[in-house]
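Data block for input33.cif (mmCIF, C-alpha atoms):
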```cif
data_coords
loop_
_atom_site.label_atom_id
_atom_site.label_comp_id
_atom_site.auth_asym_id
_atom_site.auth_seq_id
_atom_site.Cartn_x
_atom_site.Cartn_y
_atom_site.Cartn_z
CA MET A 8 13.94 -1.09 -108.62
CA LYS A 9 15.40 2.16 -109.99
CA THR A 10 16.84 2.78 -113.46
CA ILE A 11 19.95 4.92 -113.39
CA PRO A 12 22.13 6.42 -116.13
CA ALA A 13 24.56 3.94 -117.70
CA VAL A 14 27.49 5.98 -116.45
CA THR A 15 27.01 7.41 -112.99
CA ALA A 16 30.42 8.85 -112.26
CA ALA A 17 33.81 9.63 -113.72
CA VAL A 18 35.61 6.35 -114.29
CA LEU A 19 39.33 5.69 -114.33
CA SER A 20 41.09 2.73 -115.86
CA ALA A 21 40.04 -0.42 -114.05
CA THR A 22 42.47 -2.55 -112.13
CA VAL A 23 39.98 -5.02 -110.65
CA PHE A 24 37.73 -6.73 -113.14
CA LEU A 25 34.17 -7.96 -113.01
CA THR A 26 34.31 -11.70 -112.45
CA ALA A 27 30.95 -12.49 -114.00
CA SER A 28 30.64 -12.06 -117.73
CA PHE A 29 28.26 -11.63 -120.60
CA ALA A 30 27.79 -14.41 -123.11
CA VAL A 31 26.79 -14.03 -126.72
CA ALA A 32 23.05 -14.61 -127.12
CA ALA A 33 22.60 -13.61 -130.77
CA PRO A 34 24.14 -15.53 -133.69
CA PRO A 35 27.68 -14.34 -134.43
CA THR A 36 28.14 -12.10 -137.44
CA ILE A 37 31.22 -13.96 -138.67
CA ASP A 38 32.42 -17.51 -139.28
CA THR A 39 35.81 -19.16 -139.56
CA ALA A 40 37.41 -22.05 -141.41
CA ALA A 41 38.80 -23.30 -138.09
CA ARG A 42 37.16 -26.47 -136.75
CA THR A 43 37.00 -25.01 -133.26
CA ALA A 44 37.49 -21.43 -132.13
CA ILE A 45 36.81 -18.97 -129.34
CA VAL A 46 37.41 -15.24 -128.92
CA ILE A 47 37.21 -13.63 -125.48
CA ASP A 48 37.54 -10.14 -124.06
CA PHE A 49 40.48 -10.35 -121.66
CA ASP A 50 39.34 -7.91 -118.97
CA THR A 51 35.81 -9.25 -118.49
CA GLY A 52 36.12 -12.82 -119.78
CA THR A 53 33.19 -12.16 -122.09
CA VAL A 54 32.90 -14.67 -124.92
CA LEU A 55 32.72 -12.76 -128.21
CA PHE A 56 32.76 -15.76 -130.55
CA ASP A 57 32.31 -19.49 -130.02
CA LYS A 58 32.57 -22.27 -132.58
CA GLY A 59 32.73 -25.67 -130.92
CA ALA A 60 34.78 -24.19 -128.10
CA ASP A 61 34.04 -27.14 -125.79
CA THR A 62 35.04 -29.81 -128.32
CA ARG A 63 38.10 -31.75 -127.24
CA MET A 64 41.09 -31.45 -129.56
CA PRO A 65 44.81 -32.22 -129.57
CA PRO A 66 46.67 -29.08 -128.47
CA ALA A 67 49.91 -29.78 -130.34
CA SER A 68 52.50 -27.19 -129.27
CA MET A 69 49.85 -24.94 -127.74
CA SER A 70 50.22 -27.20 -124.70
CA LYS A 71 53.51 -25.37 -124.10
CA ILE A 72 51.40 -22.53 -122.68
CA MET A 73 50.70 -24.81 -119.72
CA THR A 74 54.35 -25.85 -119.56
CA ALA A 75 55.27 -22.17 -119.36
CA TYR A 76 52.59 -21.57 -116.72
CA VAL A 77 54.11 -24.21 -114.44
CA VAL A 78 57.66 -22.96 -115.06
CA TYR A 79 56.62 -19.42 -114.14
CA SER A 80 54.98 -20.80 -110.99
CA TYR A 81 58.36 -22.23 -109.96
CA ILE A 82 60.07 -18.88 -110.55
CA LYS A 83 57.46 -16.82 -108.74
CA ALA A 84 57.62 -19.17 -105.75
CA GLY A 85 61.38 -18.65 -105.56
CA ARG A 86 62.18 -22.29 -106.33
CA VAL A 87 64.35 -21.39 -109.31
CA LYS A 88 65.87 -18.24 -110.80
CA LEU A 89 66.13 -17.11 -114.39
CA ASP A 90 69.92 -17.26 -114.29
CA ASP A 91 70.04 -20.74 -112.72
CA THR A 92 71.23 -23.51 -115.04
CA LEU A 93 69.71 -26.94 -115.69
CA PRO A 94 71.44 -30.03 -117.17
CA VAL A 95 70.67 -31.47 -120.59
CA SER A 96 69.87 -35.18 -120.36
CA GLU A 97 70.24 -37.70 -123.16
CA ARG A 98 66.46 -37.83 -123.45
CA ALA A 99 66.31 -34.10 -124.18
CA TRP A 100 69.31 -34.15 -126.48
CA ALA A 101 67.91 -37.11 -128.45
CA LYS A 102 65.12 -34.85 -129.70
CA HIS A 103 67.65 -33.50 -132.21
CA LYS A 104 67.41 -36.77 -134.15
CA THR A 105 63.71 -36.17 -134.85
CA ASN A 106 61.95 -33.78 -137.18
CA GLU A 107 60.41 -31.98 -134.24
CA SER A 108 60.85 -28.34 -133.22
CA ASN A 109 64.00 -27.98 -131.13
CA MET A 110 66.28 -25.48 -129.45
CA PHE A 111 69.30 -27.74 -130.13
CA VAL A 112 70.75 -27.93 -126.62
CA PRO A 113 74.06 -29.86 -126.42
CA LEU A 114 74.24 -33.14 -124.51
CA GLY A 115 75.50 -32.60 -120.96
CA ALA A 116 75.36 -28.81 -121.19
CA GLN A 117 74.14 -26.58 -118.39
CA VAL A 118 71.56 -24.16 -119.86
CA LYS A 119 70.18 -21.04 -118.22
CA VAL A 120 66.51 -21.20 -117.30
CA GLU A 121 65.85 -17.96 -119.16
CA ASP A 122 67.41 -19.37 -122.34
CA LEU A 123 65.27 -22.49 -121.98
CA ILE A 124 62.15 -20.34 -121.64
CA ARG A 125 63.02 -18.48 -124.82
CA GLY A 126 63.80 -21.76 -126.54
CA MET A 127 60.44 -23.17 -125.47
CA ILE A 128 58.33 -20.13 -126.40
CA ILE A 129 60.10 -18.52 -129.35
CA GLN A 130 61.62 -21.61 -130.96
CA SER A 131 58.93 -24.04 -129.72
CA GLY A 132 61.76 -26.29 -128.59
CA ASN A 133 60.61 -29.70 -127.40
CA ASP A 134 64.08 -30.35 -126.02
CA ALA A 135 63.86 -27.14 -123.96
CA CYS A 136 60.58 -28.36 -122.45
CA ILE A 137 62.17 -31.64 -121.35
CA VAL A 138 65.20 -29.92 -119.80
CA LEU A 139 62.89 -27.64 -117.83
CA ALA A 140 60.62 -30.47 -116.71
CA GLU A 141 63.44 -32.76 -115.60
CA GLY A 142 65.41 -29.96 -113.96
CA LEU A 143 62.49 -28.48 -112.03
CA ALA A 144 60.32 -31.48 -111.12
CA GLY A 145 62.89 -34.29 -111.24
CA SER A 146 61.21 -36.05 -114.15
CA VAL A 147 58.91 -35.36 -117.06
CA ASP A 148 56.16 -37.46 -115.48
CA ALA A 149 56.31 -35.45 -112.25
CA PHE A 150 56.14 -32.20 -114.19
CA VAL A 151 53.16 -33.43 -116.24
CA GLN A 152 51.39 -34.25 -112.99
CA GLN A 153 51.94 -30.64 -111.93
CA MET A 154 50.52 -29.45 -115.25
CA ASN A 155 47.33 -31.40 -114.62
CA GLU A 156 47.13 -30.11 -111.05
CA ALA A 157 47.41 -26.57 -112.40
CA ALA A 158 44.70 -27.33 -114.96
CA GLN A 159 42.40 -28.49 -112.19
CA LYS A 160 43.15 -25.38 -110.13
CA LEU A 161 42.33 -23.16 -113.10
CA GLY A 162 39.06 -24.95 -113.79
CA LEU A 163 40.12 -26.44 -117.12
CA LYS A 164 37.46 -29.13 -116.98
CA ASP A 165 37.97 -30.63 -120.44
CA SER A 166 41.75 -30.71 -120.64
CA HIS A 167 44.38 -33.29 -119.77
CA PHE A 168 48.12 -33.23 -120.39
CA ALA A 169 50.22 -36.31 -121.09
CA ASN A 170 53.53 -34.65 -121.99
CA VAL A 171 55.30 -31.31 -121.85
CA ASP A 172 55.60 -30.59 -125.57
CA GLY A 173 52.20 -31.41 -127.08
CA LEU A 174 53.28 -34.32 -129.24
CA PRO A 175 50.42 -36.68 -130.21
CA ASP A 176 49.11 -38.79 -127.34
CA PRO A 177 45.57 -40.17 -126.85
CA ASP A 178 45.60 -38.82 -123.27
CA GLU A 179 46.59 -35.30 -124.37
CA TYR A 180 43.59 -33.09 -125.12
CA VAL A 181 42.24 -29.60 -124.50
CA THR A 182 39.38 -27.39 -125.64
CA ALA A 183 39.53 -23.94 -127.17
CA ARG A 184 37.67 -22.57 -124.15
CA ASP A 185 40.15 -24.10 -121.72
CA LEU A 186 43.12 -22.76 -123.68
CA SER A 187 41.62 -19.27 -123.64
CA LYS A 188 41.21 -19.53 -119.86
CA LEU A 189 44.80 -20.72 -119.53
CA ALA A 190 46.15 -17.92 -121.70
CA ARG A 191 44.21 -15.35 -119.69
CA ALA A 192 45.45 -16.80 -116.40
CA LEU A 193 49.09 -16.81 -117.54
CA ILE A 194 48.96 -13.14 -118.53
CA MET A 195 47.16 -12.10 -115.35
CA GLU A 196 49.31 -14.10 -112.93
CA PHE A 197 52.72 -13.72 -114.60
CA PRO A 198 52.80 -10.40 -116.47
CA GLU A 199 56.50 -10.02 -115.71
CA TYR A 200 57.33 -13.05 -117.88
CA PHE A 201 54.82 -12.56 -120.68
CA HIS A 202 57.26 -10.41 -122.68
CA TYR A 203 59.02 -13.57 -123.95
CA ASP A 204 55.97 -14.25 -126.12
CA SER A 205 56.47 -11.07 -128.10
CA GLU A 206 60.15 -11.66 -128.93
CA LYS A 207 60.46 -12.35 -132.64
CA GLU A 208 63.69 -14.35 -132.68
CA PHE A 209 66.19 -16.11 -130.46
CA THR A 210 69.67 -17.41 -131.14
CA TYR A 211 71.08 -20.34 -129.17
CA ASN A 212 74.05 -22.57 -130.00
CA ASN A 213 74.69 -20.28 -133.01
CA ILE A 214 71.29 -21.21 -134.45
CA LYS A 215 68.84 -18.34 -134.96
CA GLN A 216 65.15 -19.19 -135.12
CA GLY A 217 62.14 -16.93 -135.52
CA ASN A 218 58.96 -16.93 -133.48
CA ARG A 219 56.33 -19.21 -135.04
CA ASN A 220 53.51 -16.71 -134.39
CA PRO A 221 52.86 -15.11 -137.81
CA LEU A 222 50.83 -12.19 -136.42
CA LEU A 223 53.77 -10.91 -134.38
CA TYR A 224 55.28 -9.60 -137.61
CA LYS A 225 52.28 -7.38 -138.37
CA ASP A 226 51.55 -4.05 -136.74
CA ILE A 227 48.17 -5.12 -135.30
CA GLY A 228 48.88 -5.21 -131.57
CA VAL A 229 49.64 -8.95 -131.27
CA ASP A 230 52.09 -9.76 -128.46
CA GLY A 231 51.61 -13.55 -127.92
CA MET A 232 51.13 -16.53 -127.59
CA LYS A 233 51.67 -19.92 -129.32
CA THR A 234 51.14 -21.89 -132.51
CA GLY A 235 50.74 -25.64 -132.87
CA HIS A 236 50.63 -28.27 -135.59
CA THR A 237 50.37 -32.02 -135.92
CA GLU A 238 48.72 -34.16 -138.58
CA GLU A 239 45.82 -34.97 -136.27
CA ALA A 240 45.36 -31.47 -134.84
CA GLY A 241 45.88 -29.51 -138.04
CA TYR A 242 47.17 -25.97 -137.70
CA GLY A 243 46.23 -24.12 -134.52
CA ILE A 244 47.06 -20.89 -132.77
CA THR A 245 46.45 -19.09 -129.51
CA VAL A 246 46.71 -15.34 -130.02
CA THR A 247 46.40 -12.27 -127.84
CA ALA A 248 46.53 -8.63 -128.84
CA LEU A 249 46.46 -5.31 -127.02
CA ARG A 250 45.04 -2.19 -128.67
CA ASN A 251 44.35 1.09 -126.90
CA GLY A 252 44.36 -0.63 -123.52
CA ARG A 253 41.93 -3.40 -124.55
CA ARG A 254 43.17 -6.99 -124.80
CA VAL A 255 41.54 -9.82 -126.76
CA VAL A 256 42.44 -13.53 -126.61
CA GLU A 257 41.54 -16.06 -129.29
CA VAL A 258 42.14 -19.75 -129.90
CA LEU A 259 41.69 -21.47 -133.27
CA SER A 260 42.40 -25.07 -134.23
CA GLY A 261 42.01 -27.49 -137.11
CA MET A 262 43.03 -25.33 -140.06
CA LYS A 263 44.55 -26.75 -143.22
CA SER A 264 47.70 -24.68 -143.63
CA MET A 265 49.94 -22.09 -142.03
CA LYS A 266 48.56 -19.50 -144.44
CA GLU A 267 44.96 -20.25 -143.47
CA ARG A 268 45.92 -20.19 -139.79
CA GLY A 269 47.33 -16.68 -140.07
CA GLN A 270 44.47 -15.37 -142.18
CA GLU A 271 41.71 -16.76 -139.97
CA ALA A 272 43.36 -15.60 -136.75
CA GLU A 273 43.77 -12.07 -138.10
CA LYS A 274 40.21 -12.00 -139.46
CA LEU A 275 38.66 -12.91 -136.10
CA LEU A 276 40.91 -10.47 -134.28
CA GLU A 277 39.89 -7.57 -136.52
CA TRP A 278 36.23 -8.53 -136.12
CA ALA A 279 36.52 -8.57 -132.32
CA TYR A 280 37.95 -5.05 -132.23
CA ARG A 281 35.60 -3.70 -134.87
CA GLU A 282 32.30 -5.10 -133.56
CA TRP A 283 32.87 -5.15 -129.78
CA ALA A 284 34.02 -2.63 -127.21
CA ASP A 285 34.57 -2.34 -123.45
CA TYR A 286 32.31 0.11 -121.64
CA LYS A 287 33.36 1.38 -118.25
CA LEU A 288 30.42 2.01 -115.95
CA VAL A 289 31.34 2.68 -112.32
CA LYS A 290 34.59 3.10 -110.44
CA ALA A 291 34.95 1.30 -107.13
CA GLY A 292 33.92 3.62 -104.30
CA ASP A 293 32.01 6.08 -106.48
CA PRO A 294 28.42 6.64 -105.28
CA VAL A 295 25.81 4.77 -107.30
CA ASP A 296 22.68 5.42 -105.22
CA ASP A 297 21.47 6.17 -101.69
CA ALA A 298 20.40 2.89 -100.10
CA PRO A 299 17.49 3.05 -97.64
CA VAL A 300 18.30 2.09 -94.05
CA TRP A 301 15.88 0.69 -91.43
CA LEU A 302 16.42 1.64 -87.78
CA GLY A 303 19.70 3.40 -88.51
CA THR A 304 21.19 6.66 -87.30
CA THR A 305 20.74 7.87 -90.86
CA ALA A 306 17.85 7.24 -93.23
CA ASN A 307 20.11 6.48 -96.19
CA VAL A 308 23.68 5.44 -96.88
CA PRO A 309 25.70 5.79 -100.10
CA ALA A 310 25.83 2.55 -102.09
CA THR A 311 28.78 1.74 -104.32
CA VAL A 312 30.63 -1.20 -105.89
CA ALA A 313 33.64 -2.96 -104.42
CA SER A 314 35.41 -3.32 -107.78
CA ASP A 315 35.44 -1.20 -110.92
CA VAL A 316 32.62 -2.25 -113.22
CA PHE A 317 32.92 -2.39 -116.97
CA VAL A 318 31.44 -4.69 -119.57
CA ALA A 319 32.15 -5.90 -123.09
CA LEU A 320 29.25 -5.39 -125.48
CA PRO A 321 28.59 -5.49 -129.21
CA ARG A 322 28.80 -1.87 -130.33
CA ARG A 323 25.27 -2.15 -131.75
CA SER A 324 23.96 -3.06 -128.27
CA ARG A 325 25.39 -0.06 -126.41
CA SER A 326 22.39 2.20 -126.95
CA GLY A 327 20.08 -0.42 -125.47
CA MET A 328 22.04 -0.97 -122.28
CA LYS A 329 20.15 -0.33 -119.03
CA VAL A 330 21.54 -0.20 -115.50
CA THR A 331 19.12 -0.53 -112.60
CA VAL A 332 19.48 -0.63 -108.83
CA VAL A 333 17.53 -3.33 -107.02
CA TYR A 334 16.84 -3.49 -103.27
CA ASP A 335 14.91 -6.39 -101.81
CA HIS A 336 14.13 -4.30 -98.71
CA PRO A 337 15.81 -1.57 -96.66
CA ALA A 338 19.02 -2.71 -94.99
CA GLN A 339 18.60 -3.11 -91.25
CA ALA A 340 21.12 -1.33 -89.03
CA PRO A 341 23.72 -1.84 -87.79
CA ILE A 342 25.39 -2.04 -91.20
CA ALA A 343 29.12 -2.65 -91.65
CA GLN A 344 31.16 -0.83 -94.25
CA GLY A 345 31.30 -2.96 -97.39
CA GLN A 346 28.14 -4.89 -96.51
CA LYS A 347 25.96 -5.90 -99.49
CA VAL A 348 22.65 -4.02 -99.55
CA GLY A 349 21.46 -4.47 -103.13
CA THR A 350 22.30 -5.28 -106.72
CA LEU A 351 23.37 -3.35 -109.80
CA HIS A 352 21.46 -5.06 -112.61
CA ILE A 353 22.82 -4.58 -116.15
CA THR A 354 20.97 -5.57 -119.31
CA ALA A 355 21.67 -5.08 -123.01
CA PRO A 356 20.42 -6.52 -126.30
CA ASP A 357 22.08 -9.74 -127.50
CA THR A 358 23.68 -10.42 -124.10
CA GLN A 359 22.85 -12.17 -120.89
CA ASP A 360 21.99 -10.05 -117.86
CA ILE A 361 24.63 -9.44 -115.25
CA ASP A 362 24.33 -8.58 -111.55
CA VAL A 363 26.94 -6.74 -109.50
CA PRO A 364 26.68 -6.51 -105.68
CA LEU A 365 26.02 -3.04 -104.25
CA VAL A 366 27.79 -2.36 -100.96
CA VAL A 367 27.68 0.52 -98.50
CA SER A 368 30.58 2.93 -98.48
CA ARG A 369 30.44 3.56 -94.72
CA ALA A 370 29.05 1.93 -91.60
CA VAL A 371 25.68 2.88 -90.11
CA ASP A 372 24.93 2.43 -86.39
CA ARG A 373 21.61 1.31 -84.99
CA VAL A 374 19.49 3.93 -83.21
CA GLY A 375 18.76 3.65 -79.47
CA GLY A 376 15.76 1.92 -77.95
CA PHE A 377 13.48 4.99 -77.67
CA SER A 378 14.24 6.07 -81.24
CA ARG A 379 13.63 2.56 -82.53
CA ALA A 380 10.21 2.56 -80.91
CA ALA A 381 9.37 5.94 -82.44
CA LEU A 382 10.49 4.82 -85.88
CA ALA A 383 8.50 1.61 -85.61
CA ALA A 384 5.43 3.56 -84.56
CA GLY A 385 5.88 5.92 -87.46
CA TYR A 386 6.04 2.97 -89.82
CA LEU A 387 2.83 1.45 -88.41
CA ILE A 388 0.96 4.76 -88.57
CA PHE A 389 2.34 6.36 -91.71
CA GLY A 390 3.82 3.41 -93.61
CA ARG A 391 7.31 4.88 -93.44
CA LYS A 392 10.29 2.60 -92.90
CA ASN A 393 12.55 5.36 -91.66
#
```
Could you express the structure from this file as structure tokens?
Amino acid sequence: MKTIPAVTAAVLSATVFLTASFAVAAPPTIDTAARTAIVIDFDTGTVLFDKGADTRMPPASMSKIMTAYVVYSYIKAGRVKLDDTLPVSERAWAKHKTNESNMFVPLGAQVKVEDLIRGMIIQSGNDACIVLAEGLAGSVDAFVQQMNEAAQKLGLKDSHFANVDGLPDPDEYVTARDLSKLARALIMEFPEYFHYDSEKEFTYNNIKQGNRNPLLYKDIGVDGMKTGHTEEAGYGITVTALRNGRRVVEVLSGMKSMKERGQEAEKLLEWAYREWADYKLVKAGDPVDDAPVWLGTTANVPATVASDVFVALPRRSRSGMKVTVVYDHPAQAPIAQGQKVGTLHITAPDTQDIDVPLVVSRAVDRVGGFSRAALAAGYLIFGRKN
């Protein structure tokens, strides 16, 4: 095992992210009035704050994030286009008679898919959700089934959807952790449609409505995603912000008022940027160490990482971070390019350890029979492995 400097090479902005993540080991330095909450670093998935994040809760209109995810899946698969139109059924139009959030689509109208997306996200229109579900899947029930299939695919283990708009239903529940995973997946998989979340207003049928996300109206980097409220759920919000290339996602639920929702969401966001930072360690392909080779045409081969490596850490933990290279034994030739030969082991105070595979940057052939015998003899006599 060899300790190496925390930064071994010049590092450019990462495009492939470390799939494993740190988790908070020390008690958080902040609390929130929200009943349940989670804050994650977008690039690494690192959990920065967790308050009952695995407790089931009603999502209210935050379930529309999943509705949007499925709609975007249809568009990306080429099954519908933004300028296609969908019909307004009586079921969707009847939403106007309620006190719910609506886009106010006329009965029998043909509405562009892009307008319906804006109505769903900006205006939180329940009627828009129904038009999309019926028009794309044939029925609301069929669309809900697709929402649950998507949840299963994304690993949302503690979430189940019973409708497309988040209205109260005993079979409709999520967790803050699952919503943070969903939000992260939507941004990563559908970046070309995420801009709708940052639009502050939308006018349809001569009715202008503002985005329900209160943090969009502040200059703090927020560019999404969705609020929610029912009597049972209280006031909730899923928020994401981008500052200086670093994105944070947070989910809060169970607050007592719109004012408290905005204040608590902003407080946790500021804490996440103030107390945590992303640290870039190694760029994919940059040499990390020379890995020993047994019975190869060369005694060593450059070891690197397949994906750019960077981690999210509390700022106070940065000085204690250590990066070590671990080899179980010399790699035996022949060795293929990209083959795993060791591990990059990263530790830091107040975090869990993380291991990143080390791979060789080029292939190494096996030596011929006579050379193998000589190398083996050298090992037996002198204790050398190459």
> Hey, which of A:Met69, A:Val330, A:Ala248, A:Thr305 ends up closest to Leu288 in chain A? Count all atoms listed in the file.
Replying inline: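 That would be A:Val330, the residue with the smallest distance to Leu288 in chain A.
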> Quick one: residues within 10 Å of range 258-262 of chain A, only C-alpha atoms counted, chain neighbours fewer than 5 positions away excluded, as a count of residues only?
Replying inline: 46
> Near range 307-314 of chain A, counting only C-alpha atoms, which residues have an atom at most 10 Å away, once you skip same-chain residues fewer than 5 positions from it, shown as JSON, numbers by chain?
Replying inline: {"A": [21, 22, 23, 24, 25, 26, 289, 290, 291, 292, 293, 294, 295, 296, 297, 298, 299, 300, 301, 332, 337, 338, 342, 345, 346, 347, 348, 349, 350, 351, 363, 364, 365, 366, 367, 368, 369, 370, 371, 393]}
Please build the interface table for range 43-115 of chain A against range 141-157 of chain A with a cut-off of 9 Å, listing for each qualifying residue the nearest atom pair and the distance in Å to one decimal; count only C-alpha atoms, order rows by chain and increasing number, and write it as CSV.
```
residue,atom,partner,partner_atom,distance
A:Met73,CA,A:Met154,CA,6.4
A:Thr74,CA,A:Met154,CA,6.8
A:Tyr76,CA,A:Met154,CA,8.3
A:Val77,CA,A:Met154,CA,6.4
A:Val78,CA,A:Leu143,CA,7.9
A:Tyr81,CA,A:Leu143,CA,7.8
A:Arg86,CA,A:Leu143,CA,8.4
A:Val87,CA,A:Leu143,CA,7.8
A:Thr92,CA,A:Gly142,CA,8.8
A:Leu93,CA,A:Gly142,CA,5.5
A:Pro94,CA,A:Gly142,CA,6.8
A:Val95,CA,A:Gly142,CA,8.6
A:Ser96,CA,A:Glu141,CA,8.4
```
For C-alpha atoms, I'd like the residues from the last selection saved as a compact mmCIF listing (two decimals), keeping the file's coordinate frame.
```
# COMPACT_ATOMS: atom_id res chain seq x y z
CA MET A 73 50.70 -24.81 -119.72
CA THR A 74 54.35 -25.85 -119.56
CA TYR A 76 52.59 -21.57 -116.72
CA VAL A 77 54.11 -24.21 -114.44
CA VAL A 78 57.66 -22.96 -115.06
CA TYR A 81 58.36 -22.23 -109.96
CA ARG A 86 62.18 -22.29 -106.33
CA VAL A 87 64.35 -21.39 -109.31
CA THR A 92 71.23 -23.51 -115.04
CA LEU A 93 69.71 -26.94 -115.69
CA PRO A 94 71.44 -30.03 -117.17
CA VAL A 95 70.67 -31.47 -120.59
CA SER A 96 69.87 -35.18 -120.36
```
> Which value, in Å to one decimal, gives the distance between CA of Ala158 in chain A and CA of His202 in chain A?
Replying inline: 22.4 Å
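Applied to the file shown here, the PyMOL selection byres ((chain A and resi 180) around 7) selects A:Arg63, A:Met64, A:Pro65, A:Pro66, A:Ser166, A:His167, A:Phe168, A:Asp178, A:Glu179, A:Val181.
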> In Å to one decimal, how far is CA of Asp285 in chain A from CA of Asp357 in chain A?
Replying inline: 15.1 Å
>> With all atoms listed in the file as the counted atoms, please give the residues lying no more than 12 Å from Leu320 in chain A, apart from itself and same-chain residues fewer than 6 positions off, as a ChimeraX atom specification.
In response: /A:28-33,47-48,51-55,279-287,326-328,353-361
Selection from above, C-alpha atoms, as a JSON list (two decimals), in the coordinates of the input, can you write it?
```json
[["chain", "number", "residue", "atom", "x", "y", "z"],
["A", 28, "SER", "CA", 30.64, -12.06, -117.73],
["A", 29, "PHE", "CA", 28.26, -11.63, -120.60],
["A", 30, "ALA", "CA", 27.79, -14.41, -123.11],
["A", 31, "VAL", "CA", 26.79, -14.03, -126.72],
["A", 32, "ALA", "CA", 23.05, -14.61, -127.12],
["A", 33, "ALA", "CA", 22.60, -13.61, -130.77],
["A", 47, "ILE", "CA", 37.21, -13.63, -125.48],
["A", 48, "ASP", "CA", 37.54, -10.14, -124.06],
["A", 51, "THR", "CA", 35.81, -9.25, -118.49],
["A", 52, "GLY", "CA", 36.12, -12.82, -119.78],
["A", 53, "THR", "CA", 33.19, -12.16, -122.09],
["A", 54, "VAL", "CA", 32.90, -14.67, -124.92],
["A", 55, "LEU", "CA", 32.72, -12.76, -128.21],
["A", 279, "ALA", "CA", 36.52, -8.57, -132.32],
["A", 280, "TYR", "CA", 37.95, -5.05, -132.23],
["A", 281, "ARG", "CA", 35.60, -3.70, -134.87],
["A", 282, "GLU", "CA", 32.30, -5.10, -133.56],
["A", 283, "TRP", "CA", 32.87, -5.15, -129.78],
["A", 284, "ALA", "CA", 34.02, -2.63, -127.21],
["A", 285, "ASP", "CA", 34.57, -2.34, -123.45],
["A", 286, "TYR", "CA", 32.31, 0.11, -121.64],
["A", 287, "LYS", "CA", 33.36, 1.38, -118.25],
["A", 326, "SER", "CA", 22.39, 2.20, -126.95],
["A", 327, "GLY", "CA", 20.08, -0.42, -125.47],
["A", 328, "MET", "CA", 22.04, -0.97, -122.28],
["A", 353, "ILE", "CA", 22.82, -4.58, -116.15],
["A", 354, "THR", "CA", 20.97, -5.57, -119.31],
["A", 355, "ALA", "CA", 21.67, -5.08, -123.01],
["A", 356, "PRO", "CA", 20.42, -6.52, -126.30],
["A", 357, "ASP", "CA", 22.08, -9.74, -127.50],
["A", 358, "THR", "CA", 23.68, -10.42, -124.10],
["A", 359, "GLN", "CA", 22.85, -12.17, -120.89],
["A", 360, "ASP", "CA", 21.99, -10.05, -117.86],
["A", 361, "ILE", "CA", 24.63, -9.44, -115.25]]
```
> Distance CA of Ala319 in chain A-CA of Asp50 in chain A, one decimal place?
Replying inline: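 Between CA of Ala319 in chain A and CA of Asp50 in chain A the gap works out to 8.5 Å.
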> At most 12 Å from (65.4, -39.9, -123.4), file frame, all atoms listed in the file: which residues, as an MDAnalysis selection string?
Replying inline: chainID A and resid 95:104 114 133:134 137:138 141 146:147
Taking 4 positions as the minimum chain separation for residues in the same chain, which residues sit within 7 Å of Leu89 in chain A when counting all atoms listed in the file? Answer as a CSV table (one decimal) with C-alpha atoms, in the coordinates of the input.
```
chain,number,residue,atom,x,y,z
A,119,LYS,CA,70.2,-21.0,-118.2
A,120,VAL,CA,66.5,-21.2,-117.3
A,121,GLU,CA,65.8,-18.0,-119.2
```
>> Which residue is closest to Asp38 in chain A? Choose from A:Arg325, A:Lys274, A:His352, A:Arg250 and count only C-alpha atoms.
In response: A:Lys274
> Smallest atom-to-atom distance to Leu163 in chain A: which of A:Arg125, A:Pro113, A:Leu189, A:Val316, using only C-alpha atoms?
Replying inline: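 Residue with the minimum atom-to-atom distance to Leu163 in chain A: A:Leu189.
Comparing A:Gly303, A:Lys266, A:Ser324, A:Gly217 by their smallest distance to Arg373 in chain A, the closest is A:Gly303 (using only C-alpha atoms).
Comparing the minimum interatomic distances between Phe209 in chain A and each of A:Asp315, A:Glu277, A:Asp61, A:Asp122, counting only C-alpha atoms, we find that A:Asp122 sits nearest.
The closest residue to Leu193 in chain A, picked from A:Thr105, A:Asn212, A:Ser80, A:Thr304 and counting all atoms listed in the file, is A:Ser80.
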Write out N, CA and C atoms for range 243-249 of chain A, as a PDB file, in the coordinates of the input.
```
ATOM      1  N   GLY A 243      46.940 -24.856-135.572  1.00  0.00           N
ATOM      2  CA  GLY A 243      46.230 -24.120-134.520  1.00  0.00           C
ATOM      3  C   GLY A 243      47.049 -22.949-134.026  1.00  0.00           C
ATOM      4  N   ILE A 244      46.367 -22.058-133.316  1.00  0.00           N
ATOM      5  CA  ILE A 244      47.060 -20.890-132.770  1.00  0.00           C
ATOM      6  C   ILE A 244      46.271 -20.314-131.606  1.00  0.00           C
ATOM      7  N   THR A 245      46.995 -19.900-130.587  1.00  0.00           N
ATOM      8  CA  THR A 245      46.450 -19.090-129.510  1.00  0.00           C
ATOM      9  C   THR A 245      47.080 -17.712-129.648  1.00  0.00           C
ATOM     10  N   VAL A 246      46.237 -16.693-129.732  1.00  0.00           N
ATOM     11  CA  VAL A 246      46.710 -15.340-130.020  1.00  0.00           C
ATOM     12  C   VAL A 246      46.134 -14.375-128.990  1.00  0.00           C
ATOM     13  N   THR A 247      46.927 -13.379-128.631  1.00  0.00           N
ATOM     14  CA  THR A 247      46.400 -12.270-127.840  1.00  0.00           C
ATOM     15  C   THR A 247      46.964 -10.971-128.398  1.00  0.00           C
ATOM     16  N   ALA A 248      46.130  -9.949-128.344  1.00  0.00           N
ATOM     17  CA  ALA A 248      46.530  -8.630-128.840  1.00  0.00           C
ATOM     18  C   ALA A 248      46.069  -7.562-127.877  1.00  0.00           C
ATOM     19  N   LEU A 249      46.795  -6.448-127.871  1.00  0.00           N
ATOM     20  CA  LEU A 249      46.460  -5.310-127.020  1.00  0.00           C
ATOM     21  C   LEU A 249      46.406  -4.059-127.889  1.00  0.00           C
TER      22      LEU A 249
END
```
